[in-house]
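Data block for start_21.txt (compact mmCIF, C-alpha atoms):
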# COMPACT_ATOMS: atom_id res chain seq x y z
CA SER A 1 14.02 10.16 -5.30
CA MET A 2 16.78 8.75 -7.43
CA SER A 3 18.55 6.78 -4.68
CA SER A 4 17.87 3.32 -5.95
CA GLY A 5 19.10 1.47 -2.90
CA SER A 6 16.61 2.64 -0.31
CA GLY A 7 13.52 1.16 -1.93
CA ASP A 8 11.16 3.08 0.33
CA ARG A 9 9.56 5.28 -2.28
CA GLY A 10 5.88 5.98 -2.10
CA GLU A 11 5.31 3.72 0.80
CA ASP A 12 3.07 5.90 2.92
CA ASP A 13 -0.02 3.81 3.23
CA VAL A 14 -2.30 6.66 2.20
CA PRO A 15 -2.75 6.47 -1.59
CA GLN A 16 -1.23 9.63 -3.08
CA PRO A 17 -2.12 11.18 -6.41
CA ARG A 18 0.74 10.67 -8.82
CA GLN A 19 2.96 13.76 -8.91
CA PRO A 20 5.22 14.78 -11.82
CA ARG A 21 8.16 12.69 -10.63
CA ASN A 22 10.54 13.02 -13.55
CA LEU A 23 11.47 14.92 -16.68
CA GLN A 24 8.77 13.26 -18.79
CA ASP A 25 5.99 14.24 -16.44
CA LEU A 26 7.35 17.75 -16.25
CA VAL A 27 7.51 18.23 -20.01
CA ARG A 28 4.02 16.82 -20.40
CA TYR A 29 2.86 19.19 -17.69
CA SER A 30 4.29 22.23 -19.46
CA ILE A 31 2.64 21.24 -22.75
CA GLU A 32 -0.73 20.92 -21.04
CA ALA A 33 -0.36 24.06 -18.97
CA GLY A 34 1.08 26.29 -21.74
CA PRO A 35 2.06 29.93 -21.17
CA SER A 36 -0.44 32.50 -19.89
CA GLN A 37 -2.17 34.67 -22.52
CA PRO A 38 -0.56 38.05 -23.42
CA GLN A 39 -2.47 41.09 -24.83
CA GLU A 40 -4.57 40.81 -28.02
CA ALA A 41 -2.04 42.69 -30.20
CA SER A 42 0.68 40.11 -29.87
CA GLN A 43 -1.79 37.23 -30.07
CA GLU A 44 -0.69 36.15 -33.57
CA ILE A 45 3.02 36.08 -32.71
CA HIS A 46 2.12 34.30 -29.53
CA ASP A 47 0.15 31.63 -31.44
CA ASP A 48 3.12 30.96 -33.71
CA LEU A 49 5.49 30.74 -30.78
CA SER A 50 3.02 28.65 -28.88
CA LEU A 51 2.79 26.22 -31.73
CA GLU A 52 6.54 26.06 -32.15
CA ARG A 53 7.14 25.68 -28.42
CA ARG A 54 4.51 23.00 -28.24
CA ARG A 55 6.00 21.09 -31.17
CA PHE A 56 9.45 21.31 -29.62
CA LEU A 57 8.18 20.05 -26.27
CA GLU A 58 6.21 17.24 -27.89
CA GLU A 59 9.29 16.06 -29.77
CA ALA A 60 11.33 16.27 -26.58
CA LEU A 61 8.69 14.26 -24.76
CA GLN A 62 8.58 11.70 -27.55
CA SER A 63 12.32 11.10 -27.47
CA LEU A 64 12.40 11.03 -23.66
CA THR A 65 9.59 8.49 -23.64
CA GLU A 66 11.38 6.36 -26.22
CA ASP A 67 14.58 6.48 -24.15
CA VAL A 68 12.79 5.42 -20.99
CA THR A 69 10.86 2.65 -22.76
CA LYS A 70 14.12 1.39 -24.27
CA GLU A 71 15.78 1.48 -20.85
CA VAL A 72 12.94 -0.52 -19.26
CA ALA A 73 12.90 -3.01 -22.18
CA GLU A 74 16.67 -3.55 -21.81
CA ALA A 75 16.32 -4.11 -18.06
CA ILE A 76 13.58 -6.68 -18.69
CA ALA A 77 15.83 -8.45 -21.22
CA VAL A 78 18.56 -8.69 -18.56
CA LEU A 79 16.10 -10.18 -16.06
CA LYS A 80 14.85 -12.72 -18.60
CA LYS A 81 18.37 -14.22 -18.56
CA TYR A 82 18.19 -14.75 -14.80
CA HIS A 83 18.77 -18.30 -13.66
CA PRO A 84 18.50 -19.45 -10.01
CA SER A 85 22.01 -20.91 -10.13
CA ASP A 86 23.37 -17.54 -11.25
CA GLU A 87 25.67 -16.09 -8.58
CA ASP A 88 26.09 -12.57 -9.98
CA TYR A 89 23.14 -10.96 -8.25
CA SER A 90 24.28 -7.36 -8.68
CA THR A 91 23.54 -7.28 -12.43
CA TYR A 92 19.95 -8.25 -11.75
CA GLU A 93 19.60 -5.96 -8.76
CA SER A 94 20.69 -2.97 -10.82
CA ALA A 95 18.26 -3.92 -13.64
CA LEU A 96 15.50 -3.99 -11.00
CA ASP A 97 16.64 -0.60 -9.67
CA THR A 98 16.41 0.86 -13.17
CA ILE A 99 12.84 -0.38 -13.48
CA ALA A 100 11.89 0.76 -9.96
CA ASP A 101 13.09 4.28 -10.74
CA ARG A 102 10.76 4.41 -13.74
CA VAL A 103 7.55 2.62 -12.87
CA ASP A 104 6.27 5.18 -10.37
CA ASN A 105 5.20 6.94 -13.57
CA ILE A 106 1.89 5.37 -14.61
CA ASP A 107 2.73 5.20 -18.35
CA CYS A 108 6.03 3.48 -17.59
CA ALA A 109 4.27 1.07 -15.27
CA ASN A 110 1.86 0.16 -18.07
CA ASP A 111 4.76 -0.13 -20.53
CA PHE A 112 6.62 -2.43 -18.14
CA CYS A 113 3.54 -4.61 -18.12
CA LYS A 114 3.02 -4.51 -21.92
CA LEU A 115 6.72 -5.21 -22.59
CA GLY A 116 6.40 -8.52 -20.74
CA GLY A 117 7.88 -7.31 -17.46
CA PHE A 118 5.44 -9.41 -15.47
CA ASP A 119 6.87 -12.57 -17.08
CA VAL A 120 10.01 -12.25 -14.96
CA VAL A 121 8.14 -11.81 -11.67
CA PRO A 122 7.82 -15.47 -10.52
CA ALA A 123 11.53 -16.23 -11.00
CA CYS A 124 12.55 -13.06 -9.14
CA LEU A 125 10.13 -13.68 -6.27
CA SER A 126 11.55 -17.16 -5.75
CA SER A 127 15.21 -16.08 -6.05
CA TYR A 128 17.65 -17.08 -3.30
CA CYS A 129 18.79 -13.46 -3.17
CA ASN A 130 16.89 -11.20 -0.72
CA GLY A 131 17.81 -8.13 -2.77
CA ILE A 132 16.15 -9.54 -5.89
CA ARG A 133 13.03 -10.63 -3.99
CA TRP A 134 12.31 -7.36 -2.20
CA ARG A 135 13.09 -5.25 -5.26
CA MET A 136 10.60 -7.21 -7.33
CA CYS A 137 7.93 -6.84 -4.60
CA ASP A 138 8.59 -3.12 -4.63
CA ILE A 139 8.16 -2.95 -8.42
CA ILE A 140 4.82 -4.80 -8.24
CA ALA A 141 3.71 -2.39 -5.52
CA GLN A 142 4.78 0.68 -7.54
CA CYS A 143 3.10 -0.60 -10.72
CA THR A 144 -0.21 -1.43 -9.07
CA GLN A 145 -0.53 1.68 -6.89
CA ASN A 146 -3.80 3.37 -7.99
CA ASN A 147 -3.43 1.68 -11.38
CA PRO A 148 -6.33 -0.61 -12.45
CA PHE A 149 -4.56 -1.79 -15.63
CA CYS A 150 -1.59 -3.23 -13.70
CA GLN A 151 -3.78 -4.43 -10.82
CA GLU A 152 -5.91 -6.55 -13.14
CA HIS A 153 -2.80 -7.86 -14.84
CA ALA A 154 -1.21 -8.81 -11.50
CA VAL A 155 -4.40 -10.63 -10.46
CA LYS A 156 -4.56 -12.51 -13.79
CA CYS A 157 -0.93 -13.55 -13.36
CA LYS A 158 -1.79 -15.01 -9.92
CA PHE A 159 0.95 -13.08 -8.09
CA LEU A 160 -1.11 -12.78 -4.89
CA LYS A 161 -0.53 -16.42 -3.95
CA GLN A 162 3.26 -16.10 -4.05
CA LEU A 163 3.21 -12.67 -2.37
CA LEU A 164 0.99 -13.85 0.50
CA HIS A 165 3.29 -16.84 0.99
CA MET A 166 6.23 -14.41 1.24
CA VAL A 167 4.43 -12.24 3.80
CA ASP A 168 4.04 -15.37 5.94
CA LYS A 169 7.24 -17.26 5.36
CA ASP A 170 10.04 -15.19 3.82
CA PRO A 171 13.19 -15.41 5.97
CA ASP A 172 13.99 -11.74 5.32
CA GLU A 173 12.12 -8.93 7.13
CA LYS A 174 12.38 -6.41 4.31
CA CYS A 175 11.02 -8.98 1.83
CA ARG A 176 8.03 -9.69 4.06
CA THR A 177 7.21 -6.01 4.47
CA LYS A 178 7.62 -5.24 0.75
CA ALA A 179 5.52 -8.28 -0.16
CA PHE A 180 2.73 -6.91 2.04
CA PHE A 181 3.09 -3.49 0.39
CA ALA A 182 2.57 -5.25 -2.96
CA VAL A 183 -0.44 -7.27 -1.73
CA SER A 184 -2.20 -4.19 -0.38
CA ASN A 185 -1.68 -2.23 -3.62
CA VAL A 186 -2.95 -5.11 -5.77
CA VAL A 187 -6.08 -5.52 -3.61
CA ARG A 188 -6.97 -1.90 -2.82
CA ASP A 189 -9.95 -0.65 -4.87
CA CYS A 190 -9.77 -3.75 -7.07
CA GLN A 191 -12.81 -6.03 -6.89
CA GLN A 192 -11.08 -8.97 -8.65
CA GLY A 193 -8.03 -8.57 -6.44
CA LEU A 194 -10.12 -8.67 -3.28
CA LYS A 195 -12.01 -11.73 -4.52
CA GLU A 196 -8.75 -13.58 -5.20
CA PHE A 197 -7.35 -12.42 -1.84
CA LEU A 198 -10.40 -13.82 -0.01
CA GLY A 199 -10.13 -17.09 -1.96
CA LEU A 200 -6.50 -17.44 -0.84
CA ASP A 201 -7.52 -16.91 2.81
CA GLY A 202 -5.63 -13.60 2.75
CA PHE A 203 -7.11 -12.40 6.03
CA SER A 204 -5.42 -15.26 7.91
CA VAL A 205 -2.14 -13.90 6.58
CA VAL A 206 -3.18 -10.40 7.74
CA LEU A 207 -4.02 -11.75 11.18
CA ARG A 208 -0.59 -13.35 11.48
CA ALA A 209 1.09 -10.21 10.16
CA MET A 210 -0.65 -8.22 12.89
CA GLN A 211 1.06 -10.50 15.43
CA SER A 212 4.47 -10.23 13.77
CA PRO A 213 7.52 -9.01 15.71
CA ILE A 214 8.26 -6.77 12.68
CA GLU A 215 6.79 -3.38 13.57
CA LYS A 216 6.48 -2.18 9.97
CA LEU A 217 4.54 -5.31 9.05
CA ARG A 218 2.23 -4.99 12.06
CA ASN A 219 1.49 -1.38 11.11
CA LYS A 220 0.93 -2.07 7.42
CA SER A 221 -1.40 -4.99 8.07
CA THR A 222 -3.42 -3.06 10.66
CA PHE A 223 -3.75 -0.12 8.30
CA PHE A 224 -4.75 -2.45 5.45
CA LEU A 225 -7.45 -4.13 7.55
CA SER A 226 -8.78 -0.74 8.57
CA SER A 227 -9.08 0.57 5.01
CA VAL A 228 -10.46 -2.65 3.46
CA LEU A 229 -13.19 -2.99 6.08
CA SER A 230 -14.30 0.61 5.78
CA GLN A 231 -14.63 0.12 2.00
CA HIS A 232 -16.20 -3.35 2.20
CA PRO A 233 -18.57 -3.64 5.16
CA GLU A 234 -19.94 -6.82 3.55
CA ILE A 235 -16.87 -8.79 4.71
CA ILE A 236 -17.01 -7.69 8.35
CA GLY A 237 -18.89 -10.83 9.46
CA GLU A 238 -16.27 -13.06 7.86
CA VAL A 239 -13.44 -11.15 9.53
CA TYR A 240 -15.22 -11.28 12.90
CA ASN A 241 -15.52 -15.07 12.65
CA MET A 242 -11.76 -15.38 12.22
CA GLY A 243 -11.05 -13.95 15.68
CA PHE A 244 -9.99 -10.44 14.73
CA VAL A 245 -11.82 -8.79 17.64
CA GLU A 246 -9.67 -10.56 20.19
CA GLN A 247 -6.53 -9.78 18.18
CA LEU A 248 -7.41 -6.07 17.97
CA VAL A 249 -8.06 -5.91 21.71
CA THR A 250 -4.68 -7.55 22.34
CA LEU A 251 -3.05 -4.92 20.11
CA ILE A 252 -4.78 -2.13 22.03
CA GLN A 253 -3.04 -3.48 25.11
CA SER A 254 0.39 -3.41 23.48
CA GLU A 255 2.74 -0.45 23.93
CA HIS A 256 1.03 2.74 22.80
CA SER A 257 2.02 3.99 19.33
CA PRO A 258 0.59 6.11 16.47
CA ILE A 259 -0.95 2.95 14.98
CA HIS A 260 -3.36 2.71 17.95
CA GLU A 261 -5.66 5.13 16.18
CA HIS A 262 -6.11 2.58 13.34
CA ILE A 263 -6.46 -0.37 15.70
CA ILE A 264 -9.27 1.34 17.60
CA SER A 265 -11.03 2.70 14.51
CA THR A 266 -10.97 -0.81 12.99
CA LEU A 267 -12.50 -2.30 16.13
CA LEU A 268 -15.12 0.45 15.94
CA THR A 269 -15.85 -0.35 12.26
CA ILE A 270 -16.41 -4.02 13.13
CA THR A 271 -18.49 -3.49 16.28
CA LYS A 272 -20.69 -0.73 14.81
CA SER A 273 -22.18 -3.04 12.22
CA HIS A 274 -21.91 -6.43 13.92
CA GLU A 275 -23.72 -7.13 17.16
CA PRO A 276 -21.86 -10.37 18.06
CA ALA A 277 -18.66 -8.29 18.02
CA GLN A 278 -20.14 -5.96 20.65
CA LEU A 279 -20.92 -8.93 22.89
CA GLU A 280 -17.40 -10.23 22.44
CA CYS A 281 -15.93 -6.85 23.45
CA ARG A 282 -17.87 -7.06 26.73
CA ARG A 283 -16.24 -10.35 27.74
CA PRO A 284 -14.66 -9.47 31.11
CA GLU A 285 -11.51 -11.51 30.44
CA LEU A 286 -10.64 -9.22 27.51
CA LYS A 287 -10.41 -6.26 29.96
CA LEU A 288 -11.28 -3.85 27.14
CA ARG A 289 -13.00 -1.30 29.37
CA SER A 290 -9.97 -0.85 31.64
CA SER A 291 -7.59 -0.68 28.64
CA LEU A 292 -9.62 2.07 26.98
CA THR A 293 -10.01 3.94 30.28
CA PHE A 294 -6.25 3.77 30.81
CA LEU A 295 -5.53 5.21 27.34
CA ARG A 296 -8.07 7.95 27.87
CA GLN A 297 -6.56 9.00 31.20
CA HIS A 298 -3.03 9.09 29.75
CA PHE A 299 -3.56 10.73 26.39
CA GLN A 300 -6.77 12.77 26.46
CA HIS A 301 -4.90 16.07 26.84
CA ASP A 302 -2.41 15.32 24.07
CA ASP A 303 -3.40 16.95 20.78
CA ALA A 304 -1.47 14.37 18.77
CA PHE A 305 -4.01 11.72 19.80
CA ARG A 306 -7.22 13.68 19.39
CA GLU A 307 -8.57 11.36 16.63
CA GLU A 308 -7.80 8.30 18.71
CA MET A 309 -9.54 9.76 21.77
CA GLY A 310 -12.62 10.40 19.60
CA TYR A 311 -12.68 6.73 18.56
CA ILE A 312 -12.23 5.61 22.17
CA LYS A 313 -15.15 7.75 23.28
CA GLU A 314 -17.35 6.35 20.50
CA LEU A 315 -16.31 2.77 21.29
CA MET A 316 -16.94 3.19 25.04
CA ASN A 317 -20.41 4.61 24.31
CA LEU A 318 -21.22 1.78 21.94
CA ILE A 319 -19.96 -1.09 24.10
CA PHE A 320 -20.25 0.03 27.70
CA SER A 321 -22.89 2.77 27.84
CA ASP A 322 -25.80 0.63 28.94
CA ASP A 323 -24.11 -1.57 31.48
CA SER A 324 -23.21 -0.25 34.87
CA GLU A 325 -21.51 -3.54 35.67
CA GLU A 326 -17.85 -2.62 36.25
CA GLU A 327 -15.16 -4.88 34.86
CA ARG A 328 -12.91 -6.33 37.49
What do you get writing this file as structure tokens?
Amino acid sequence: SMSSGSGDRGEDDVPQPRQPRNLQDLVRYSIEAGPSQPQEASQEIHDDLSLERRRFLEEALQSLTEDVTKEVAEAIAVLKKYHPSDEDYSTYESALDTIADRVDNIDCANDFCKLGGFDVVPACLSSYCNGIRWRMCDIIAQCTQNNPFCQEHAVKCKFLKQLLHMVDKDPDEKCRTKAFFAVSNVVRDCQQGLKEFLGLDGFSVVLRAMQSPIEKLRNKSTFFLSSVLSQHPEIIGEVYNMGFVEQLVTLIQSEHSPIHEHIISTLLTITKSHEPAQLECRRPELKLRSSLTFLRQHFQHDDAFREEMGYIKELMNLIFSDDSEEER
């Protein structure tokens, strides 16, 4: 996607393998793949051609890579001139767009980092201009997506503190959502990132995000909680103590949406391995049994919610199987 304004690239919460997204990736792909083998007779000619073709493609790749690196370096140089009192935001926004269009390629992301791109992050994140703030969050998210090198760098640079603060307090909705996108990509599959996140009381921010009026933020934070807990059962007790069970039950009672599947599977993850959570779910004032029964009656014949119905069944069996005491 070359439309630089939208800023919604790659934001499905499911981590995707990196696809050839641009000319560089494509050229590299054709070098690695090479042509299929012809008959033995023409093998020698084919080898010569192969070599020549390969050399041509490698030179093309080299010059493309140099162009892109130069482009990114120039954009960083522009951003290094940024001063909070500067009124001409569009220059900086377009430099950020240039970078954003490049860093979904993992080599460019690493180059951005090595060229000192992370030095301009704090100033951009604290800019008065919404467009500069959300674009920078998006770049951090793109760079750190499935990329340990940039994740470690982002953790070392202590970006999580500023990003979590934005998720909580930024006046702009898009900035808050993009900041969360960045947080989740820095933390996912990164032990140091998770450690820092826990030290900054990141789950309190997640809890508040799950109560946000911004639907995108509610969904992202719920999805994040679900994936982190399934990868790190050792933090379930900590999360339980913060009051997440009650919050998840409240969300189950909100208007039904595709995110319900994640809400219920998260509650299941917590209750399966933590007995106090099961007791909490049985508290009559939470009305969990009637909420789950209601969902089951309304959606059990709808194929779109088959996964969710499976989780509901499992949760009902776990929590309410051995008590015949009806909730009133």
For Phe149 (chain A): contacts at 10 Å, all atoms listed in the file, fewer than 2 positions along chain excluded, given as a list of chain:residue names:
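That gives A:Ile106, A:Ala109, A:Asn110, A:Cys113, A:Cys143, A:Thr144, A:Asn146, A:Asn147, A:Gln151, A:Glu152, A:His153, A:Ala154.
Comparing A:Lys220, A:Ile270, A:Pro122, A:Gln253 by their smallest distance to Ile235 (chain A), the closest is A:Ile270 (using all atoms listed in the file).
All protein and nucleic acid residues in the vicinity of (-19.1, -8.9, 14.7), that is within 7 Å when counting only C-alpha atoms, are Ile236, Gly237, Tyr240, Ile270, Thr271, His274, Glu275, Pro276, Ala277 and Gln278 of chain A.
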Nearest residue to Ser212 (chain A) from the set A:Ser290, A:Gln162, A:Gln247, A:Gln231 (distances using all atoms listed in the file)
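Going through A:Ser290, A:Gln162, A:Gln247, A:Gln231 one by one, the smallest distance to Ser212 (chain A) is for A:Gln247.
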Calculated over all atoms listed in the file, which of the candidates A:Val249, A:Cys129, A:Val72, A:Met242 has the smallest distance to Asp86 (chain A)?
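With all atoms listed in the file as the atom set, the closest residue is A:Cys129.
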Name all residues at most 10 Å from His232 (chain A) (count only C-alpha atoms; drop same-chain ones fewer than 5 positions away) and give them as a PDB file with C-alpha atoms, in the coordinates of the input.
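Just written: part-v6.pdb:
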ATOM      1  CA  ASP A 189      -9.950  -0.650  -4.870  1.00  0.00           C
ATOM      2  CA  LEU A 194     -10.120  -8.670  -3.280  1.00  0.00           C
ATOM      3  CA  SER A 227      -9.080   0.570   5.010  1.00  0.00           C
TER       4      SER A 227
END
Length of the CA of Lys313 (chain A) to CA of Val206 (chain A) vector [Å]
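The value is 26.7 Å.
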Once N, CA and C atoms are restored for region 177-208 of chain A, what would the output be as a PDB file, keeping the file's coordinate frame?
ATOM      1  N   THR A 177       7.890  -7.305   4.445  1.00  0.00           N
ATOM      2  CA  THR A 177       7.210  -6.010   4.470  1.00  0.00           C
ATOM      3  C   THR A 177       6.886  -5.526   3.064  1.00  0.00           C
ATOM      4  N   LYS A 178       7.855  -5.666   2.144  1.00  0.00           N
ATOM      5  CA  LYS A 178       7.620  -5.240   0.750  1.00  0.00           C
ATOM      6  C   LYS A 178       6.549  -6.107   0.088  1.00  0.00           C
ATOM      7  N   ALA A 179       6.536  -7.394   0.418  1.00  0.00           N
ATOM      8  CA  ALA A 179       5.520  -8.280  -0.160  1.00  0.00           C
ATOM      9  C   ALA A 179       4.134  -7.830   0.305  1.00  0.00           C
ATOM     10  N   PHE A 180       4.043  -7.393   1.557  1.00  0.00           N
ATOM     11  CA  PHE A 180       2.730  -6.910   2.040  1.00  0.00           C
ATOM     12  C   PHE A 180       2.342  -5.617   1.334  1.00  0.00           C
ATOM     13  N   PHE A 181       3.318  -4.747   1.126  1.00  0.00           N
ATOM     14  CA  PHE A 181       3.090  -3.490   0.390  1.00  0.00           C
ATOM     15  C   PHE A 181       2.501  -3.814  -0.982  1.00  0.00           C
ATOM     16  N   ALA A 182       3.064  -4.841  -1.643  1.00  0.00           N
ATOM     17  CA  ALA A 182       2.570  -5.250  -2.960  1.00  0.00           C
ATOM     18  C   ALA A 182       1.149  -5.807  -2.869  1.00  0.00           C
ATOM     19  N   VAL A 183       0.903  -6.688  -1.900  1.00  0.00           N
ATOM     20  CA  VAL A 183      -0.440  -7.270  -1.730  1.00  0.00           C
ATOM     21  C   VAL A 183      -1.468  -6.161  -1.561  1.00  0.00           C
ATOM     22  N   SER A 184      -1.179  -5.196  -0.678  1.00  0.00           N
ATOM     23  CA  SER A 184      -2.200  -4.190  -0.380  1.00  0.00           C
ATOM     24  C   SER A 184      -2.470  -3.304  -1.597  1.00  0.00           C
ATOM     25  N   ASN A 185      -1.451  -3.044  -2.425  1.00  0.00           N
ATOM     26  CA  ASN A 185      -1.680  -2.230  -3.620  1.00  0.00           C
ATOM     27  C   ASN A 185      -2.423  -2.999  -4.718  1.00  0.00           C
ATOM     28  N   VAL A 186      -2.221  -4.308  -4.784  1.00  0.00           N
ATOM     29  CA  VAL A 186      -2.950  -5.110  -5.770  1.00  0.00           C
ATOM     30  C   VAL A 186      -4.439  -5.174  -5.386  1.00  0.00           C
ATOM     31  N   VAL A 187      -4.705  -5.272  -4.078  1.00  0.00           N
ATOM     32  CA  VAL A 187      -6.080  -5.520  -3.610  1.00  0.00           C
ATOM     33  C   VAL A 187      -6.900  -4.233  -3.464  1.00  0.00           C
ATOM     34  N   ARG A 188      -6.228  -3.136  -3.127  1.00  0.00           N
ATOM     35  CA  ARG A 188      -6.970  -1.900  -2.820  1.00  0.00           C
ATOM     36  C   ARG A 188      -7.762  -1.392  -4.023  1.00  0.00           C
ATOM     37  N   ASP A 189      -9.060  -1.162  -3.816  1.00  0.00           N
ATOM     38  CA  ASP A 189      -9.950  -0.650  -4.870  1.00  0.00           C
ATOM     39  C   ASP A 189      -9.998  -1.543  -6.103  1.00  0.00           C
ATOM     40  N   CYS A 190      -9.757  -2.834  -5.924  1.00  0.00           N
ATOM     41  CA  CYS A 190      -9.770  -3.750  -7.070  1.00  0.00           C
ATOM     42  C   CYS A 190     -10.620  -4.962  -6.699  1.00  0.00           C
ATOM     43  N   GLN A 191     -11.834  -5.004  -7.249  1.00  0.00           N
ATOM     44  CA  GLN A 191     -12.810  -6.030  -6.890  1.00  0.00           C
ATOM     45  C   GLN A 191     -12.258  -7.438  -7.137  1.00  0.00           C
ATOM     46  N   GLN A 192     -11.635  -7.652  -8.308  1.00  0.00           N
ATOM     47  CA  GLN A 192     -11.080  -8.970  -8.650  1.00  0.00           C
ATOM     48  C   GLN A 192      -9.960  -9.345  -7.684  1.00  0.00           C
ATOM     49  N   GLY A 193      -9.150  -8.340  -7.361  1.00  0.00           N
ATOM     50  CA  GLY A 193      -8.030  -8.570  -6.440  1.00  0.00           C
ATOM     51  C   GLY A 193      -8.536  -9.014  -5.073  1.00  0.00           C
ATOM     52  N   LEU A 194      -9.570  -8.336  -4.595  1.00  0.00           N
ATOM     53  CA  LEU A 194     -10.120  -8.670  -3.280  1.00  0.00           C
ATOM     54  C   LEU A 194     -10.711 -10.085  -3.285  1.00  0.00           C
ATOM     55  N   LYS A 195     -11.383 -10.408  -4.399  1.00  0.00           N
ATOM     56  CA  LYS A 195     -12.010 -11.730  -4.520  1.00  0.00           C
ATOM     57  C   LYS A 195     -10.930 -12.832  -4.449  1.00  0.00           C
ATOM     58  N   GLU A 196      -9.868 -12.623  -5.196  1.00  0.00           N
ATOM     59  CA  GLU A 196      -8.750 -13.580  -5.200  1.00  0.00           C
ATOM     60  C   GLU A 196      -8.110 -13.670  -3.808  1.00  0.00           C
ATOM     61  N   PHE A 197      -7.945 -12.513  -3.184  1.00  0.00           N
ATOM     62  CA  PHE A 197      -7.350 -12.420  -1.840  1.00  0.00           C
ATOM     63  C   PHE A 197      -8.185 -13.226  -0.837  1.00  0.00           C
ATOM     64  N   LEU A 198      -9.516 -13.076  -0.915  1.00  0.00           N
ATOM     65  CA  LEU A 198     -10.400 -13.820  -0.010  1.00  0.00           C
ATOM     66  C   LEU A 198     -10.296 -15.316  -0.276  1.00  0.00           C
ATOM     67  N   GLY A 199     -10.235 -15.674  -1.575  1.00  0.00           N
ATOM     68  CA  GLY A 199     -10.130 -17.090  -1.960  1.00  0.00           C
ATOM     69  C   GLY A 199      -8.840 -17.722  -1.454  1.00  0.00           C
ATOM     70  N   LEU A 200      -7.799 -16.922  -1.310  1.00  0.00           N
ATOM     71  CA  LEU A 200      -6.500 -17.440  -0.840  1.00  0.00           C
ATOM     72  C   LEU A 200      -6.391 -17.348   0.681  1.00  0.00           C
ATOM     73  N   ASP A 201      -7.511 -17.057   1.352  1.00  0.00           N
ATOM     74  CA  ASP A 201      -7.520 -16.910   2.810  1.00  0.00           C
ATOM     75  C   ASP A 201      -6.542 -15.806   3.243  1.00  0.00           C
ATOM     76  N   GLY A 202      -6.556 -14.710   2.488  1.00  0.00           N
ATOM     77  CA  GLY A 202      -5.630 -13.600   2.750  1.00  0.00           C
ATOM     78  C   GLY A 202      -5.738 -13.004   4.138  1.00  0.00           C
ATOM     79  N   PHE A 203      -6.960 -13.023   4.715  1.00  0.00           N
ATOM     80  CA  PHE A 203      -7.110 -12.400   6.030  1.00  0.00           C
ATOM     81  C   PHE A 203      -6.407 -13.187   7.137  1.00  0.00           C
ATOM     82  N   SER A 204      -6.211 -14.495   6.935  1.00  0.00           N
ATOM     83  CA  SER A 204      -5.420 -15.260   7.910  1.00  0.00           C
ATOM     84  C   SER A 204      -3.978 -14.752   7.897  1.00  0.00           C
ATOM     85  N   VAL A 205      -3.498 -14.442   6.705  1.00  0.00           N
ATOM     86  CA  VAL A 205      -2.140 -13.900   6.580  1.00  0.00           C
ATOM     87  C   VAL A 205      -2.059 -12.526   7.270  1.00  0.00           C
ATOM     88  N   VAL A 206      -3.123 -11.719   7.086  1.00  0.00           N
ATOM     89  CA  VAL A 206      -3.180 -10.400   7.740  1.00  0.00           C
ATOM     90  C   VAL A 206      -3.166 -10.557   9.255  1.00  0.00           C
ATOM     91  N   LEU A 207      -3.944 -11.513   9.737  1.00  0.00           N
ATOM     92  CA  LEU A 207      -4.020 -11.750  11.180  1.00  0.00           C
ATOM     93  C   LEU A 207      -2.644 -12.112  11.739  1.00  0.00           C
ATOM     94  N   ARG A 208      -1.939 -12.978  11.028  1.00  0.00           N
ATOM     95  CA  ARG A 208      -0.590 -13.350  11.480  1.00  0.00           C
ATOM     96  C   ARG A 208       0.376 -12.180  11.374  1.00  0.00           C
TER      97      ARG A 208
END
